[in-house]
Amino acid sequence: MTATNKTTITSPIPIIDFSKFLAGSKADKLQIAHQIDSAFRDVGFVYLTGHGVDQQTLSQCFAWSKEFFNLPLATKTLAPHPPGGSHHRGYSAPGLEKVSQHAYDAEAIAKLREVPDFKESFESGNTTDESQPNIWLPEDALPGFRAFMESFFPLCEALVHRILDALSLALDVPEPGLSPTHSESLFQLRLLHYPSIGLEELKENKRSRINAHSDFGTLTLLFQDSVGGLEVEDPKQPGRFSPAPPVEDAVLVNIGDLMARWSNDRWRSTVHRVGIPPMVGGIGGKEEEKVLVPDRYSIPFFATANMDTVIEALPGCWDEERPRKYEPVTAWGYVQMRMAALYAS
Ligand SMILES: O=C(O)CCC(=O)C(=O)O
Ligand SMILES: [Fe+2]
């Protein structure tokens with residue numbers, strides 16, 4: 001089954017009922033693990049329903065996100081994201097971060113930053129992560145926000161671990177599988193707000209929502225509101241994008257670059273971007289002149305492996321016919337290289 005939403009936008013991304021993995025028999029678990037494996041091989045993305053994070057909690061998370069971004073700029077900047085890319089926590093105002101696709105030299109990064117992403121974000125990590133302490137607003141600026149985010153974080157963390165269990169089963173990674181490689185809290189919960197913007201600005205590429213990029217960790221969970229606009233590149237036809245519309249009760253899960261490398265490119269780290277939503281004439285929608293593209297809110301949760309994990313081809317991902325393609329690298333060395341490109345100095 002592939003994804004369709006209420007306005008029948010079709011997408012190449014399959015929808016899988018993860019409750020059959022979470023609570024099913026051994027045979028059910030194996031079946032779901034193989035389905036996820038095949039989605040990650042084909043498109044690098046999968047929708048999971050029955051993922052165990054309840055809808056009410058998710059609605060609350062979106063409501064908190066809206067409240068946060070509705071605060072005056074002067075208040076939001078009381079939790080400022082530090083300059084540079086090594087401490088990825090706190091609030092980033094529109095225009096600060098430009099997502100780049102494998103551009104490491106200063107000139108290439110400067111060029112990408114000419115079309116600013118028009119979005120603002122708030123990042124938080126695990127409360128126990130001493131390498132990147134969280135940066136919160138003073139409690140009285142938005143009472144309850146911190147407590148909610150601290151309670152939402154472990155729900156996403158738990159889901160990532162169960163998806164890693166499924167992947168371990170698919171590859172026959174010996175017990176305890178991949179889950180322990182994510183035991184040290186290198187996760188990042190991001191609240192994203194794309195403010196309402198004139199359609200022409202997006203069409204004429206004066207500003208973008210989020211530029212085409214791949215994620216650079218292992219797995220990303222993405223919860224999105226009903227606005228749409230997320231698009232994924234066809235791995236077989238670079239430059240051709242199809243919609244990844246919001247699907248009721250589903251979390252979208254995708255592979256990041258580190259996991260693609262770890263799997264010896266069995267799984268794809270697919271390029272994606274946020275463009276004009278179908279409802280105002282984006283890919284898959286009707287050509288209609290509306291002046292304003294509505295606000296979009298999304299909540300990605302990024303996972304990566306413990307920094308000392310040596311990333312070298314996983315079992316089941318290489319053999320004589322498919323030799324190992326990459327030198328071993330630690331997760332930390334790899335992430336640092338990618339982060340440096342995010343915030344040009
Ligand atoms: O807002 C979205 O749906 C996409 C966000 C995203 O791709 C990212 O933050 O890496
Ligand atoms: Fe992304």
# chains A, B, ... in the order shown; residues from 1 in each chain; ligands from 1

$ residues_near_ligand --ligand "ligand 2" --cutoff "10 Å" --atoms "only C-alpha atoms and all ligand atoms" --output "VMD selection string"
chain A and resid 99 210 to 216 220 to 222 230 232 254 to 256 269 to 274 300 to 302

$ write_last_selection --atoms "N, CA and C atoms" --output "PDB file, in the first residue's frame"
ATOM      1  N   VAL A  99      20.016  24.708   5.374  1.00  0.00           N
ATOM      2  CA  VAL A  99      20.365  23.302   5.223  1.00  0.00           C
ATOM      3  C   VAL A  99      21.154  23.129   3.930  1.00  0.00           C
ATOM      4  N   ILE A 210      12.455  24.577   3.262  1.00  0.00           N
ATOM      5  CA  ILE A 210      13.697  23.881   3.597  1.00  0.00           C
ATOM      6  C   ILE A 210      14.227  23.303   2.295  1.00  0.00           C
ATOM      7  N   ASN A 211      15.459  23.648   2.037  1.00  0.00           N
ATOM      8  CA  ASN A 211      16.123  23.263   0.804  1.00  0.00           C
ATOM      9  C   ASN A 211      16.328  21.748   0.733  1.00  0.00           C
ATOM     10  N   ALA A 212      16.496  21.230  -0.474  1.00  0.00           N
ATOM     11  CA  ALA A 212      16.716  19.787  -0.635  1.00  0.00           C
ATOM     12  C   ALA A 212      17.958  19.343   0.145  1.00  0.00           C
ATOM     13  N   HIS A 213      17.798  18.310   0.929  1.00  0.00           N
ATOM     14  CA  HIS A 213      18.898  17.811   1.763  1.00  0.00           C
ATOM     15  C   HIS A 213      18.610  16.366   2.140  1.00  0.00           C
ATOM     16  N   SER A 214      19.613  15.677   2.627  1.00  0.00           N
ATOM     17  CA  SER A 214      19.360  14.404   3.299  1.00  0.00           C
ATOM     18  C   SER A 214      19.687  14.619   4.763  1.00  0.00           C
ATOM     19  N   ASP A 215      19.147  13.790   5.634  1.00  0.00           N
ATOM     20  CA  ASP A 215      19.459  13.920   7.062  1.00  0.00           C
ATOM     21  C   ASP A 215      20.774  13.195   7.306  1.00  0.00           C
ATOM     22  N   PHE A 216      21.498  13.598   8.339  1.00  0.00           N
ATOM     23  CA  PHE A 216      22.833  13.007   8.411  1.00  0.00           C
ATOM     24  C   PHE A 216      23.057  12.002   9.536  1.00  0.00           C
ATOM     25  N   THR A 220      15.333   9.326  11.242  1.00  0.00           N
ATOM     26  CA  THR A 220      14.557  10.514  11.625  1.00  0.00           C
ATOM     27  C   THR A 220      13.090  10.122  11.707  1.00  0.00           C
ATOM     28  N   LEU A 221      12.437  10.545  12.790  1.00  0.00           N
ATOM     29  CA  LEU A 221      10.973  10.451  12.878  1.00  0.00           C
ATOM     30  C   LEU A 221      10.438  11.820  12.492  1.00  0.00           C
ATOM     31  N   LEU A 222       9.364  11.870  11.748  1.00  0.00           N
ATOM     32  CA  LEU A 222       8.786  13.174  11.419  1.00  0.00           C
ATOM     33  C   LEU A 222       7.273  13.162  11.604  1.00  0.00           C
ATOM     34  N   LEU A 230       5.936  18.630   2.063  1.00  0.00           N
ATOM     35  CA  LEU A 230       7.142  17.807   2.093  1.00  0.00           C
ATOM     36  C   LEU A 230       7.209  16.980   0.811  1.00  0.00           C
ATOM     37  N   VAL A 232       9.811  14.143  -1.520  1.00  0.00           N
ATOM     38  CA  VAL A 232      10.991  13.266  -1.504  1.00  0.00           C
ATOM     39  C   VAL A 232      11.451  13.014  -2.934  1.00  0.00           C
ATOM     40  N   ASN A 254      12.558   8.124   8.239  1.00  0.00           N
ATOM     41  CA  ASN A 254      13.506   8.025   7.127  1.00  0.00           C
ATOM     42  C   ASN A 254      14.926   7.729   7.586  1.00  0.00           C
ATOM     43  N   ILE A 255      15.661   7.212   6.624  1.00  0.00           N
ATOM     44  CA  ILE A 255      17.071   6.853   6.831  1.00  0.00           C
ATOM     45  C   ILE A 255      17.932   8.108   6.659  1.00  0.00           C
ATOM     46  N   GLY A 256      18.949   8.254   7.501  1.00  0.00           N
ATOM     47  CA  GLY A 256      19.919   9.341   7.338  1.00  0.00           C
ATOM     48  C   GLY A 256      21.219   8.815   6.741  1.00  0.00           C
ATOM     49  N   SER A 269      19.449   7.081   1.952  1.00  0.00           N
ATOM     50  CA  SER A 269      19.228   8.346   2.646  1.00  0.00           C
ATOM     51  C   SER A 269      18.700   9.314   1.600  1.00  0.00           C
ATOM     52  N   THR A 270      17.393   9.379   1.514  1.00  0.00           N
ATOM     53  CA  THR A 270      16.757  10.057   0.385  1.00  0.00           C
ATOM     54  C   THR A 270      16.672  11.567   0.595  1.00  0.00           C
ATOM     55  N   VAL A 271      16.985  12.285  -0.479  1.00  0.00           N
ATOM     56  CA  VAL A 271      16.920  13.749  -0.446  1.00  0.00           C
ATOM     57  C   VAL A 271      15.453  14.181  -0.351  1.00  0.00           C
ATOM     58  N   HIS A 272      15.199  15.160   0.505  1.00  0.00           N
ATOM     59  CA  HIS A 272      13.833  15.669   0.657  1.00  0.00           C
ATOM     60  C   HIS A 272      13.878  17.177   0.882  1.00  0.00           C
ATOM     61  N   ARG A 273      12.737  17.823   0.736  1.00  0.00           N
ATOM     62  CA  ARG A 273      12.669  19.276   0.878  1.00  0.00           C
ATOM     63  C   ARG A 273      11.230  19.652   1.233  1.00  0.00           C
ATOM     64  N   VAL A 274      11.043  20.881   1.680  1.00  0.00           N
ATOM     65  CA  VAL A 274       9.672  21.357   1.883  1.00  0.00           C
ATOM     66  C   VAL A 274       9.426  22.484   0.898  1.00  0.00           C
ATOM     67  N   PRO A 300      10.405  17.029  13.725  1.00  0.00           N
ATOM     68  CA  PRO A 300      11.326  15.907  13.495  1.00  0.00           C
ATOM     69  C   PRO A 300      12.055  15.508  14.788  1.00  0.00           C
ATOM     70  N   PHE A 301      12.392  14.243  14.863  1.00  0.00           N
ATOM     71  CA  PHE A 301      13.194  13.713  15.984  1.00  0.00           C
ATOM     72  C   PHE A 301      14.349  12.950  15.340  1.00  0.00           C
ATOM     73  N   PHE A 302      15.551  13.472  15.535  1.00  0.00           N
ATOM     74  CA  PHE A 302      16.722  12.905  14.849  1.00  0.00           C
ATOM     75  C   PHE A 302      17.468  11.956  15.778  1.00  0.00           C
TER      76      PHE A 302
END

$ residues_around --residues "Phe241 in chain A" --least-positions-apart "5" --cutoff "6 Å" --atoms "only C-alpha atoms" --output "ChimeraX atom specification"
/A:231-234

$ write_last_selection --atoms "N, CA and C atoms" --output "PDB file, in the first residue's frame"
ATOM      1  N   GLU A 231       8.396  16.933   0.235  1.00  0.00           N
ATOM      2  CA  GLU A 231       8.595  16.187  -1.014  1.00  0.00           C
ATOM      3  C   GLU A 231       9.852  15.338  -0.910  1.00  0.00           C
ATOM      4  N   VAL A 232       9.811  14.143  -1.520  1.00  0.00           N
ATOM      5  CA  VAL A 232      10.991  13.266  -1.504  1.00  0.00           C
ATOM      6  C   VAL A 232      11.451  13.014  -2.934  1.00  0.00           C
ATOM      7  N   GLU A 233      12.758  12.948  -3.077  1.00  0.00           N
ATOM      8  CA  GLU A 233      13.327  12.758  -4.413  1.00  0.00           C
ATOM      9  C   GLU A 233      13.233  11.280  -4.818  1.00  0.00           C
ATOM     10  N   ASP A 234      12.966  11.059  -6.089  1.00  0.00           N
ATOM     11  CA  ASP A 234      12.975   9.689  -6.599  1.00  0.00           C
ATOM     12  C   ASP A 234      14.431   9.254  -6.743  1.00  0.00           C
TER      13      ASP A 234
END

$ atom_distance --atom1 "CA of Asp319 in chain A" --atom2 "CA of Leu178 in chain A"
19.8 Å

$ residues_around --residues "Trp136 in chain A" --least-positions-apart "6" --cutoff "8 Å" --atoms "only C-alpha atoms" --output "PDB file with N, CA, C and O atoms, in the first residue's frame"
ATOM      1  N   ALA A  79      16.160  32.003  24.739  1.00  0.00           N
ATOM      2  CA  ALA A  79      16.724  30.634  24.709  1.00  0.00           C
ATOM      3  C   ALA A  79      17.528  30.493  23.415  1.00  0.00           C
ATOM      4  O   ALA A  79      17.204  29.689  22.552  1.00  0.00           O
ATOM      5  N   GLY A  90      18.248  25.013  21.570  1.00  0.00           N
ATOM      6  CA  GLY A  90      17.671  26.342  21.715  1.00  0.00           C
ATOM      7  C   GLY A  90      17.006  26.847  20.440  1.00  0.00           C
ATOM      8  O   GLY A  90      16.773  26.095  19.487  1.00  0.00           O
ATOM      9  N   ARG A 146       8.681  23.354  29.032  1.00  0.00           N
ATOM     10  CA  ARG A 146       9.837  22.495  29.265  1.00  0.00           C
ATOM     11  C   ARG A 146       9.412  21.106  29.759  1.00  0.00           C
ATOM     12  O   ARG A 146       9.884  20.085  29.248  1.00  0.00           O
TER      13      ARG A 146
END

$ atom_distance --atom1 "CA of Glu175 in chain A" --atom2 "CA of Gly24 in chain A"
18.7 Å

$ residues_around --residues "Ser168 in chain A" --least-positions-apart "6" --cutoff "12 Å" --atoms "only C-alpha atoms" --output "list in words"
Lys29, Leu30, Ile32, Ala33, His34, Ile36, Asp37, His161, Arg162, Pro174, Glu175, Pro176, Gly177, Leu178, Ser179, Pro180, Thr181, Ser263, Leu314, Pro315, Gly316 and Cys317 of chain A

$ write_last_selection --atoms "N, CA, C and O atoms" --output "compact mmCIF listing (two decimals), in the first residue's frame"
# COMPACT_ATOMS: atom_id res chain seq x y z
N LYS A 29 6.34 -10.08 13.54
CA LYS A 29 7.49 -9.18 13.69
C LYS A 29 8.41 -9.28 12.48
O LYS A 29 8.86 -8.27 11.93
N LEU A 30 8.65 -10.52 12.06
CA LEU A 30 9.55 -10.74 10.93
C LEU A 30 8.97 -10.14 9.65
O LEU A 30 9.66 -9.51 8.86
N ILE A 32 6.84 -7.61 9.37
CA ILE A 32 6.91 -6.15 9.40
C ILE A 32 8.36 -5.68 9.21
O ILE A 32 8.63 -4.72 8.48
N ALA A 33 9.30 -6.39 9.84
CA ALA A 33 10.71 -6.02 9.70
C ALA A 33 11.12 -6.07 8.21
O ALA A 33 11.79 -5.16 7.72
N HIS A 34 10.66 -7.10 7.51
CA HIS A 34 11.01 -7.20 6.08
C HIS A 34 10.34 -6.10 5.27
O HIS A 34 10.93 -5.58 4.32
N ILE A 36 9.62 -3.08 6.33
CA ILE A 36 10.34 -1.82 6.59
C ILE A 36 11.67 -1.83 5.84
O ILE A 36 12.06 -0.85 5.20
N ASP A 37 12.35 -2.97 5.90
CA ASP A 37 13.61 -3.12 5.16
C ASP A 37 13.40 -2.79 3.69
O ASP A 37 14.16 -2.03 3.08
N HIS A 161 14.14 3.15 19.30
CA HIS A 161 14.72 1.86 19.72
C HIS A 161 13.93 0.68 19.17
O HIS A 161 14.52 -0.33 18.76
N ARG A 162 12.61 0.81 19.11
CA ARG A 162 11.83 -0.31 18.58
C ARG A 162 12.04 -0.44 17.06
O ARG A 162 12.06 -1.53 16.51
N PRO A 174 22.97 -10.08 15.39
CA PRO A 174 22.83 -10.87 16.62
C PRO A 174 22.33 -10.03 17.80
O PRO A 174 22.62 -8.84 17.88
N GLU A 175 21.61 -10.68 18.72
CA GLU A 175 21.13 -10.01 19.95
C GLU A 175 22.30 -9.34 20.65
O GLU A 175 23.39 -9.91 20.62
N PRO A 176 22.16 -8.18 21.26
CA PRO A 176 20.95 -7.38 21.42
C PRO A 176 20.67 -6.43 20.26
O PRO A 176 19.90 -5.49 20.42
N GLY A 177 21.24 -6.65 19.11
CA GLY A 177 20.90 -5.84 17.95
C GLY A 177 21.47 -4.43 17.99
O GLY A 177 22.44 -4.16 18.70
N LEU A 178 20.84 -3.54 17.26
CA LEU A 178 21.37 -2.18 17.09
C LEU A 178 20.97 -1.23 18.21
O LEU A 178 21.58 -0.16 18.37
N SER A 179 19.96 -1.60 18.98
CA SER A 179 19.45 -0.67 19.99
C SER A 179 20.54 -0.13 20.94
O SER A 179 20.60 1.07 21.19
N PRO A 180 21.47 -1.00 21.45
CA PRO A 180 22.49 -0.46 22.36
C PRO A 180 23.43 0.57 21.72
O PRO A 180 24.06 1.34 22.44
N THR A 181 23.50 0.60 20.41
CA THR A 181 24.37 1.61 19.78
C THR A 181 23.76 3.00 19.87
O THR A 181 24.36 3.99 19.47
N SER A 263 24.77 0.71 6.38
CA SER A 263 24.13 -0.43 5.70
C SER A 263 24.79 -0.71 4.35
O SER A 263 24.24 -1.46 3.55
N LEU A 314 27.15 -3.30 8.15
CA LEU A 314 26.41 -4.18 9.05
C LEU A 314 26.30 -5.59 8.46
O LEU A 314 26.38 -5.76 7.23
N PRO A 315 26.07 -6.57 9.35
CA PRO A 315 25.86 -7.92 8.84
C PRO A 315 24.69 -7.93 7.84
O PRO A 315 23.73 -7.17 8.00
N GLY A 316 24.80 -8.76 6.85
CA GLY A 316 23.71 -8.86 5.87
C GLY A 316 23.78 -7.79 4.80
O GLY A 316 22.98 -7.79 3.86
N CYS A 317 24.70 -6.85 4.93
CA CYS A 317 24.75 -5.74 3.98
C CYS A 317 25.96 -5.84 3.05
O CYS A 317 26.18 -4.96 2.23

$ closest_residue --among "A:Pro277, A:Gly50, A:Gly125, A:Pro83" --to "ligand 1" --atoms "only C-alpha atoms and all ligand atoms"
A:Pro277

$ atom_distance --atom1 "CA of Phe40 in chain A" --atom2 "CA of Leu171 in chain A"
12.3 Å

$ closest_residue --among "A:Leu202, A:Trp332, A:Cys61, A:Leu252" --to "Ala39 in chain A" --atoms "only C-alpha atoms"
A:Leu252

$ closest_atom_pairs --of "range 245-284 of chain A" --to "range 323-327 of chain A" --cutoff "10 Å" --atoms "only C-alpha atoms" --output "Markdown table"
| residue | atom | partner | partner_atom | distance |
| --- | --- | --- | --- | --- |
| A:Arg261 | CA | A:Tyr326 | CA | 7.1 |
| A:Trp262 | CA | A:Tyr326 | CA | 8.6 |
| A:Ser263 | CA | A:Arg324 | CA | 9.4 |
| A:Asn264 | CA | A:Lys325 | CA | 6.2 |
| A:Asp265 | CA | A:Lys325 | CA | 8.3 |

$ closest_residue --among "A:Gly95, A:Pro246, A:Gly239, A:Pro143" --to "ligand 1" --atoms "only C-alpha atoms and all ligand atoms"
A:Pro246

$ select_by_dssp --residues "range 32-239 of chain A" --states "helix (DSSP H, G or I)" --output "ChimeraX atom specification"
/A:32-42,55-70,73-76,106-112,139-141,145-171,179-182,199-203

$ closest_residue --among "A:Thr10, A:Ser59, A:Ser208, A:Thr49" --to "Val251 in chain A" --atoms "only C-alpha atoms"
A:Thr49

$ residues_around --residues "Pro94 in chain A" --least-positions-apart "2" --cutoff "9 Å" --atoms "only C-alpha atoms" --output "compact mmCIF listing (two decimals) with N, CA, C and O atoms, in the first residue's frame"
# COMPACT_ATOMS: atom_id res chain seq x y z
N SER A 92 16.40 29.05 17.04
CA SER A 92 17.02 29.69 15.87
C SER A 92 15.95 30.48 15.14
O SER A 92 14.93 29.93 14.74
N LEU A 96 18.54 31.81 10.00
CA LEU A 96 19.82 31.51 10.65
C LEU A 96 20.47 30.24 10.12
O LEU A 96 21.67 30.15 9.97
N GLU A 97 19.65 29.24 9.89
CA GLU A 97 20.19 27.95 9.45
C GLU A 97 19.82 27.71 8.01
O GLU A 97 18.68 27.88 7.61
N PRO A 116 17.61 32.16 1.68
CA PRO A 116 17.46 31.68 3.05
C PRO A 116 16.22 30.79 3.23
O PRO A 116 15.19 31.03 2.62
N ASP A 117 16.38 29.75 4.04
CA ASP A 117 15.23 28.95 4.46
C ASP A 117 14.38 29.86 5.35
O ASP A 117 14.91 30.46 6.28
N PHE A 118 13.09 29.95 5.06
CA PHE A 118 12.24 30.79 5.90
C PHE A 118 11.56 29.89 6.93
O PHE A 118 10.45 29.41 6.73
N LYS A 119 12.29 29.65 8.01
CA LYS A 119 11.75 28.80 9.06
C LYS A 119 12.41 29.20 10.37
O LYS A 119 13.46 29.84 10.40
N GLU A 120 11.75 28.84 11.47
CA GLU A 120 12.36 29.01 12.79
C GLU A 120 12.27 27.68 13.51
O GLU A 120 11.40 26.85 13.21
N SER A 121 13.18 27.45 14.44
CA SER A 121 13.20 26.13 15.08
C SER A 121 13.60 26.23 16.54
O SER A 121 14.23 27.22 16.97
N TYR A 194 7.34 26.98 9.81
CA TYR A 194 7.56 27.71 8.57
C TYR A 194 6.48 28.78 8.53
O TYR A 194 5.30 28.44 8.30
N PRO A 195 6.84 30.05 8.74
CA PRO A 195 5.79 31.08 8.76
C PRO A 195 5.09 31.17 7.40
O PRO A 195 5.66 30.78 6.38

$ closest_residue --among "A:Gln31, A:Ser185, A:Thr77, A:Ser226" --to "ligand 1" --atoms "only C-alpha atoms and all ligand atoms"
A:Ser226

$ closest_residue --among "A:Asp308, A:Asp140, A:Glu123, A:Asp42" --to "ligand 1" --atoms "only C-alpha atoms and all ligand atoms"
A:Glu123

$ residues_around --residues "Tyr297 in chain A" --least-positions-apart "2" --cutoff "6 Å" --atoms "only C-alpha atoms" --output "number ranges by chain"
A: 192-193, 225

$ select_by_dssp --residues "range 128-306 of chain A" --states "strand (DSSP E)" --output "VMD selection string"
chain A and resid 187 to 194 197 to 198 210 to 213 219 to 224 230 to 234 237 to 243 251 to 255 272 to 274 292 to 293 296 to 303

$ residues_around --residues "Leu219 in chain A" --least-positions-apart "6" --cutoff "10 Å" --atoms "only C-alpha atoms" --output "list in words"
Gly44, Phe45, Val160, Ile163, Leu164, Phe187, Val253, Asn254, Ile255, Gly256, Asp257, Leu258, Met259, Ala260, Ser269, Phe301, Phe302, Ala303, Thr304 and Ala305 of chain A

$ write_last_selection --atoms "C-alpha atoms" --output "JSON list (two decimals), in the first residue's frame"
[["chain", "number", "residue", "atom", "x", "y", "z"],
["A", 44, "GLY", "CA", 14.40, 5.41, 2.23],
["A", 45, "PHE", "CA", 11.10, 6.50, 3.84],
["A", 160, "VAL", "CA", 13.50, 4.82, 17.66],
["A", 163, "ILE", "CA", 12.49, 0.62, 14.93],
["A", 164, "LEU", "CA", 16.14, -0.33, 15.47],
["A", 187, "PHE", "CA", 18.95, 12.44, 19.92],
["A", 253, "VAL", "CA", 10.44, 7.58, 9.29],
["A", 254, "ASN", "CA", 13.51, 8.02, 7.13],
["A", 255, "ILE", "CA", 17.07, 6.85, 6.83],
["A", 256, "GLY", "CA", 19.92, 9.34, 7.34],
["A", 257, "ASP", "CA", 23.36, 9.40, 5.72],
["A", 258, "LEU", "CA", 25.11, 7.64, 8.58],
["A", 259, "MET", "CA", 22.69, 4.72, 8.43],
["A", 260, "ALA", "CA", 22.98, 4.54, 4.63],
["A", 269, "SER", "CA", 19.23, 8.35, 2.65],
["A", 301, "PHE", "CA", 13.19, 13.71, 15.98],
["A", 302, "PHE", "CA", 16.72, 12.91, 14.85],
["A", 303, "ALA", "CA", 18.68, 9.89, 16.00],
["A", 304, "THR", "CA", 22.30, 9.05, 15.61],
["A", 305, "ALA", "CA", 24.56, 6.35, 17.00]]

$ decode --residues "range 206-214 of chain A" --atoms "all heavy atoms" --output "PDB file, in the first residue's frame"
ATOM      1  N   LYS A 206      12.910  33.154  -4.134  1.00  0.00           N
ATOM      2  CA  LYS A 206      13.514  34.231  -3.353  1.00  0.00           C
ATOM      3  C   LYS A 206      13.791  33.725  -1.942  1.00  0.00           C
ATOM      4  O   LYS A 206      14.744  34.133  -1.290  1.00  0.00           O
ATOM      5  CB  LYS A 206      12.582  35.446  -3.290  1.00  0.00           C
ATOM      6  CG  LYS A 206      12.466  36.168  -4.605  1.00  0.00           C
ATOM      7  CD  LYS A 206      11.770  37.509  -4.424  1.00  0.00           C
ATOM      8  CE  LYS A 206      11.535  38.174  -5.775  1.00  0.00           C
ATOM      9  NZ  LYS A 206      10.137  38.493  -6.023  1.00  0.00           N
ATOM     10  N   ARG A 207      12.890  32.898  -1.472  1.00  0.00           N
ATOM     11  CA  ARG A 207      13.108  32.222  -0.193  1.00  0.00           C
ATOM     12  C   ARG A 207      12.650  30.778  -0.335  1.00  0.00           C
ATOM     13  O   ARG A 207      11.849  30.462  -1.214  1.00  0.00           O
ATOM     14  CB  ARG A 207      12.305  32.901   0.927  1.00  0.00           C
ATOM     15  CG  ARG A 207      12.842  34.273   1.231  1.00  0.00           C
ATOM     16  CD  ARG A 207      12.416  34.735   2.585  1.00  0.00           C
ATOM     17  NE  ARG A 207      11.110  35.356   2.565  1.00  0.00           N
ATOM     18  CZ  ARG A 207      10.653  36.114   3.559  1.00  0.00           C
ATOM     19  NH1 ARG A 207      11.393  36.346   4.614  1.00  0.00           N
ATOM     20  NH2 ARG A 207       9.456  36.635   3.500  1.00  0.00           N
ATOM     21  N   SER A 208      13.178  29.898   0.519  1.00  0.00           N
ATOM     22  CA  SER A 208      12.728  28.512   0.470  1.00  0.00           C
ATOM     23  C   SER A 208      12.171  28.156   1.840  1.00  0.00           C
ATOM     24  O   SER A 208      12.363  28.886   2.805  1.00  0.00           O
ATOM     25  CB  SER A 208      13.899  27.588   0.118  1.00  0.00           C
ATOM     26  OG  SER A 208      14.874  27.640   1.129  1.00  0.00           O
ATOM     27  N   ARG A 209      11.484  27.030   1.939  1.00  0.00           N
ATOM     28  CA  ARG A 209      11.054  26.570   3.265  1.00  0.00           C
ATOM     29  C   ARG A 209      12.182  25.733   3.842  1.00  0.00           C
ATOM     30  O   ARG A 209      12.814  26.122   4.804  1.00  0.00           O
ATOM     31  CB  ARG A 209       9.723  25.803   3.159  1.00  0.00           C
ATOM     32  CG  ARG A 209       8.549  26.778   3.107  1.00  0.00           C
ATOM     33  CD  ARG A 209       7.225  26.225   3.576  1.00  0.00           C
ATOM     34  NE  ARG A 209       6.476  27.305   4.211  1.00  0.00           N
ATOM     35  CZ  ARG A 209       5.186  27.326   4.432  1.00  0.00           C
ATOM     36  NH1 ARG A 209       4.429  26.308   4.076  1.00  0.00           N
ATOM     37  NH2 ARG A 209       4.631  28.354   5.025  1.00  0.00           N
ATOM     38  N   ILE A 210      12.455  24.577   3.262  1.00  0.00           N
ATOM     39  CA  ILE A 210      13.697  23.881   3.597  1.00  0.00           C
ATOM     40  C   ILE A 210      14.227  23.303   2.295  1.00  0.00           C
ATOM     41  O   ILE A 210      13.527  22.617   1.559  1.00  0.00           O
ATOM     42  CB  ILE A 210      13.531  22.848   4.735  1.00  0.00           C
ATOM     43  CG1 ILE A 210      14.880  22.415   5.285  1.00  0.00           C
ATOM     44  CG2 ILE A 210      12.766  21.628   4.325  1.00  0.00           C
ATOM     45  CD1 ILE A 210      14.782  21.675   6.639  1.00  0.00           C
ATOM     46  N   ASN A 211      15.459  23.648   2.037  1.00  0.00           N
ATOM     47  CA  ASN A 211      16.123  23.263   0.804  1.00  0.00           C
ATOM     48  C   ASN A 211      16.328  21.748   0.733  1.00  0.00           C
ATOM     49  O   ASN A 211      16.362  21.080   1.768  1.00  0.00           O
ATOM     50  CB  ASN A 211      17.481  23.964   0.825  1.00  0.00           C
ATOM     51  CG  ASN A 211      17.962  24.317  -0.541  1.00  0.00           C
ATOM     52  OD1 ASN A 211      17.184  24.650  -1.434  1.00  0.00           O
ATOM     53  ND2 ASN A 211      19.254  24.230  -0.714  1.00  0.00           N
ATOM     54  N   ALA A 212      16.496  21.230  -0.474  1.00  0.00           N
ATOM     55  CA  ALA A 212      16.716  19.787  -0.635  1.00  0.00           C
ATOM     56  C   ALA A 212      17.958  19.343   0.145  1.00  0.00           C
ATOM     57  O   ALA A 212      19.006  19.969   0.056  1.00  0.00           O
ATOM     58  CB  ALA A 212      16.877  19.462  -2.113  1.00  0.00           C
ATOM     59  N   HIS A 213      17.798  18.310   0.929  1.00  0.00           N
ATOM     60  CA  HIS A 213      18.898  17.811   1.763  1.00  0.00           C
ATOM     61  C   HIS A 213      18.610  16.366   2.140  1.00  0.00           C
ATOM     62  O   HIS A 213      17.479  15.896   2.013  1.00  0.00           O
ATOM     63  CB  HIS A 213      19.007  18.642   3.055  1.00  0.00           C
ATOM     64  CG  HIS A 213      17.832  18.433   3.967  1.00  0.00           C
ATOM     65  ND1 HIS A 213      16.595  19.021   3.747  1.00  0.00           N
ATOM     66  CD2 HIS A 213      17.665  17.652   5.058  1.00  0.00           C
ATOM     67  CE1 HIS A 213      15.746  18.628   4.669  1.00  0.00           C
ATOM     68  NE2 HIS A 213      16.374  17.779   5.491  1.00  0.00           N
ATOM     69  N   SER A 214      19.613  15.677   2.627  1.00  0.00           N
ATOM     70  CA  SER A 214      19.360  14.404   3.299  1.00  0.00           C
ATOM     71  C   SER A 214      19.687  14.619   4.763  1.00  0.00           C
ATOM     72  O   SER A 214      20.421  15.547   5.114  1.00  0.00           O
ATOM     73  CB  SER A 214      20.207  13.290   2.682  1.00  0.00           C
ATOM     74  OG  SER A 214      21.559  13.664   2.683  1.00  0.00           O
TER      75      SER A 214
END
